Structure formats: C-alpha cells, structure tokens
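*Asks:* Below is the file model07.pdb, which contains PDB, C-alpha atoms, pLDDT in the B column.
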ATOM      1  CA  MET A   2      31.058  39.282  33.040  1.00 48.00           C
ATOM      2  CA  THR A   3      30.301  36.283  30.883  1.00 52.00           C
ATOM      3  CA  ASP A   4      32.328  35.184  27.911  1.00 54.00           C
ATOM      4  CA  LEU A   5      30.165  35.176  24.748  1.00 55.00           C
ATOM      5  CA  ASN A   6      32.222  32.376  23.200  1.00 56.00           C
ATOM      6  CA  LYS A   7      31.371  29.949  26.008  1.00 55.00           C
ATOM      7  CA  PRO A   8      28.181  27.926  25.711  1.00 55.00           C
ATOM      8  CA  ASN A   9      25.569  28.621  28.375  1.00 56.00           C
ATOM      9  CA  SER A  10      24.898  24.937  29.060  1.00 52.00           C
ATOM     10  CA  THR A  11      27.156  22.423  30.710  1.00 59.00           C
ATOM     11  CA  PRO A  12      28.491  19.381  28.833  1.00 60.00           C
ATOM     12  CA  ILE A  13      26.186  17.117  30.840  1.00 67.00           C
ATOM     13  CA  ASP A  14      23.111  19.114  29.775  1.00 69.00           C
ATOM     14  CA  SER A  15      24.106  18.888  26.114  1.00 72.00           C
ATOM     15  CA  GLU A  16      24.675  15.119  26.410  1.00 75.00           C
ATOM     16  CA  ILE A  17      21.223  14.650  27.920  1.00 76.00           C
ATOM     17  CA  ALA A  18      19.670  16.752  25.167  1.00 75.00           C
ATOM     18  CA  ALA A  19      21.536  14.739  22.524  1.00 75.00           C
ATOM     19  CA  LYS A  20      20.305  11.439  24.004  1.00 75.00           C
ATOM     20  CA  GLN A  21      16.728  12.701  24.094  1.00 74.00           C
ATOM     21  CA  HIS A  22      17.028  13.814  20.467  1.00 71.00           C
ATOM     22  CA  ILE A  23      18.355  10.372  19.429  1.00 72.00           C
ATOM     23  CA  GLU A  24      15.537   8.593  21.295  1.00 72.00           C
ATOM     24  CA  ALA A  25      12.961  10.811  19.602  1.00 69.00           C
ATOM     25  CA  ALA A  26      14.528  10.099  16.198  1.00 66.00           C
ATOM     26  CA  GLU A  27      14.365   6.331  16.847  1.00 63.00           C
ATOM     27  CA  VAL A  28      10.661   6.541  17.667  1.00 61.00           C
ATOM     28  CA  ASN A  29       9.999   8.630  14.554  1.00 58.00           C
ATOM     29  CA  SER A  30      11.888   6.190  12.325  1.00 59.00           C
ATOM     30  CA  GLN A  31       9.806   3.301  13.674  1.00 62.00           C
ATOM     31  CA  GLN A  32       6.597   5.201  12.947  1.00 63.00           C
ATOM     32  CA  VAL A  33       7.728   5.929   9.400  1.00 62.00           C
ATOM     33  CA  SER A  34       8.673   2.284   8.877  1.00 68.00           C
ATOM     34  CA  ILE A  35       5.275   1.063  10.093  1.00 66.00           C
ATOM     35  CA  LYS A  36       3.527   3.628   7.916  1.00 74.00           C
ATOM     36  CA  ALA A  37       5.554   2.571   4.878  1.00 83.00           C
ATOM     37  CA  TRP A  38       4.670  -1.122   5.387  1.00 85.00           C
ATOM     38  CA  SER A  39       0.989  -0.351   5.851  1.00 87.00           C
ATOM     39  CA  GLN A  40       1.009   1.748   2.673  1.00 89.00           C
ATOM     40  CA  LYS A  41       2.738  -1.056   0.754  1.00 90.00           C
ATOM     41  CA  LEU A  42       0.170  -3.555   2.012  1.00 92.00           C
ATOM     42  CA  LEU A  43      -2.663  -1.223   1.033  1.00 93.00           C
ATOM     43  CA  VAL A  44      -1.219  -0.839  -2.483  1.00 93.00           C
ATOM     44  CA  VAL A  45      -0.939  -4.629  -2.876  1.00 95.00           C
ATOM     45  CA  ILE A  46      -4.529  -5.127  -1.714  1.00 97.00           C
ATOM     46  CA  LEU A  47      -5.781  -2.436  -4.092  1.00 97.00           C
ATOM     47  CA  CYS A  48      -3.840  -3.977  -7.010  1.00 97.00           C
ATOM     48  CA  VAL A  49      -5.316  -7.420  -6.322  1.00 98.00           C
ATOM     49  CA  ALA A  50      -8.827  -5.980  -6.021  1.00 98.00           C
ATOM     50  CA  SER A  51      -8.387  -4.008  -9.254  1.00 98.00           C
ATOM     51  CA  PHE A  52      -7.127  -7.076 -11.137  1.00 98.00           C
ATOM     52  CA  TYR A  53     -10.008  -9.214  -9.861  1.00 97.00           C
ATOM     53  CA  GLY A  54     -12.568  -6.515 -10.745  1.00 97.00           C
ATOM     54  CA  GLY A  55     -11.151  -6.171 -14.256  1.00 97.00           C
ATOM     55  CA  TRP A  56     -11.189  -9.938 -14.756  1.00 94.00           C
ATOM     56  CA  LYS A  57     -14.834 -10.218 -13.672  1.00 94.00           C
ATOM     57  CA  SER A  58     -15.765  -7.257 -15.856  1.00 96.00           C
ATOM     58  CA  TYR A  59     -14.133  -8.944 -18.859  1.00 93.00           C
ATOM     59  CA  GLU A  60     -16.057 -12.175 -18.166  1.00 90.00           C
ATOM     60  CA  SER A  61     -19.302 -10.252 -17.866  1.00 92.00           C
ATOM     61  CA  ASN A  62     -18.692  -8.474 -21.160  1.00 93.00           C
ATOM     62  CA  MET A  63     -17.982 -11.800 -22.891  1.00 90.00           C
ATOM     63  CA  VAL A  64     -21.243 -13.287 -21.525  1.00 90.00           C
ATOM     64  CA  ASN A  65     -23.201 -10.222 -22.654  1.00 92.00           C
ATOM     65  CA  GLU A  66     -21.641 -10.352 -26.121  1.00 92.00           C
ATOM     66  CA  CYS A  67     -22.404 -14.052 -26.436  1.00 90.00           C
ATOM     67  CA  THR A  68     -26.062 -13.674 -25.444  1.00 90.00           C
ATOM     68  CA  ALA A  69     -26.452 -10.580 -27.652  1.00 91.00           C
ATOM     69  CA  ASN A  70     -25.342 -12.680 -30.639  1.00 89.00           C
ATOM     70  CA  GLY A  71     -27.850 -15.424 -29.842  1.00 89.00           C
ATOM     71  CA  GLY A  72     -25.506 -17.788 -28.066  1.00 88.00           C
ATOM     72  CA  LYS A  73     -25.428 -19.561 -24.759  1.00 88.00           C
ATOM     73  CA  MET A  74     -22.508 -19.733 -22.348  1.00 86.00           C
ATOM     74  CA  ILE A  75     -21.222 -23.184 -21.476  1.00 86.00           C
ATOM     75  CA  GLU A  76     -18.828 -23.492 -18.578  1.00 81.00           C
ATOM     76  CA  GLY A  77     -15.896 -25.805 -19.173  1.00 76.00           C
ATOM     77  CA  GLN A  78     -13.376 -26.930 -16.631  1.00 73.00           C
ATOM     78  CA  ARG A  79     -11.184 -23.868 -16.959  1.00 78.00           C
ATOM     79  CA  THR A  80     -12.855 -21.792 -19.676  1.00 80.00           C
ATOM     80  CA  MET A  81     -16.244 -20.481 -20.635  1.00 81.00           C
ATOM     81  CA  LEU A  82     -17.443 -21.236 -24.166  1.00 86.00           C
ATOM     82  CA  CYS A  83     -20.097 -19.530 -26.254  1.00 86.00           C
ATOM     83  CA  GLN A  84     -22.254 -22.039 -28.110  1.00 86.00           C
ATOM     84  CA  SER A  85     -24.481 -20.905 -30.953  1.00 84.00           C
ATOM     85  CA  LEU A  86     -28.114 -21.927 -30.751  1.00 78.00           C
TER      86      LEU A  86
END
Show me this structure written as structure tokens.

*Replies:*
Amino acid sequence: MTDLNKPNSTPIDSEIAAKQHIEAAEVNSQQVSIKAWSQKLLVVILCVASFYGGWKSYESNMVNECTANGGKMIEGQRTMLCQSL
C-alpha cells in the first residue's frame, strides 16, 4: 500500500521540474522586457510624428489665414511673416 502523504515524485524529479520552470520564467521575462521596450519606442515615435504633424498643420493654417486676408507670406530666418499687400 502507498502512503497518501508521500509525494509520488522523487526529490530529483521535483528539482528538475523546478529548474525547467525557472528557465521558462527567464525566457518569458526577456520577452516581456523586449515587448515593453518596443512599445515605449513606438509611443515615442508616435508622439514625435503627432507633434510634427500638428506643427505643420498650424503653419498651414497661418498661411491660409494670411492669404485669405490679402497678405503674402515672407519667410524669415526662423519665422514666417505675413505682409499686407
């Protein structure tokens, strides 16, 4: 008869299973880390693209407003100016 309080596996089997579980956890943590960095990079790229798109949209609206009011855009060194005609 077998004792129900005794585990069915030997200590060596449980150590091997524990090592395999730890190795699998290490691989999973590396995958999560890589995924987290790629997501962070994607967010940064999207933020930069959104900022640039908003900036260009603002410039376009200023040019349209200037020409609608009968002006002409003059490009300075760092700014764009609207000159009345």

*Asks:* So what does the PyMOL selection byres ((chain A and resi 62-72) around 8) actually pick up in this one, as a list in words?

*Replies:*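 So the PyMOL selection byres ((chain A and resi 62-72) around 8) ends up selecting Ser58, Tyr59, Glu60, Ser61, Lys73, Met74, Cys83, Gln84, Ser85 and Leu86 of chain A.
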
*Asks:* Any idea what the distance is between atom CA of Arg79 of chain A and atom CA of Trp56 of chain A?

*Replies:*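 Going from atom CA of Arg79 of chain A over to atom CA of Trp56 of chain A, I get 14.1 Å.
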
*Asks:* Between atom CA of Leu82 of chain A and atom CA of Phe52 of chain A, what distance in Å does the model show, to one decimal?

*Replies:*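 Separating atom CA of Leu82 of chain A from atom CA of Phe52 of chain A is a distance of 21.8 Å.
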
*Asks:* Between atom CA of Glu76 of chain A and atom CA of Lys57 of chain A, what distance in Å does the model show, to one decimal?

*Replies:* 14.7 Å
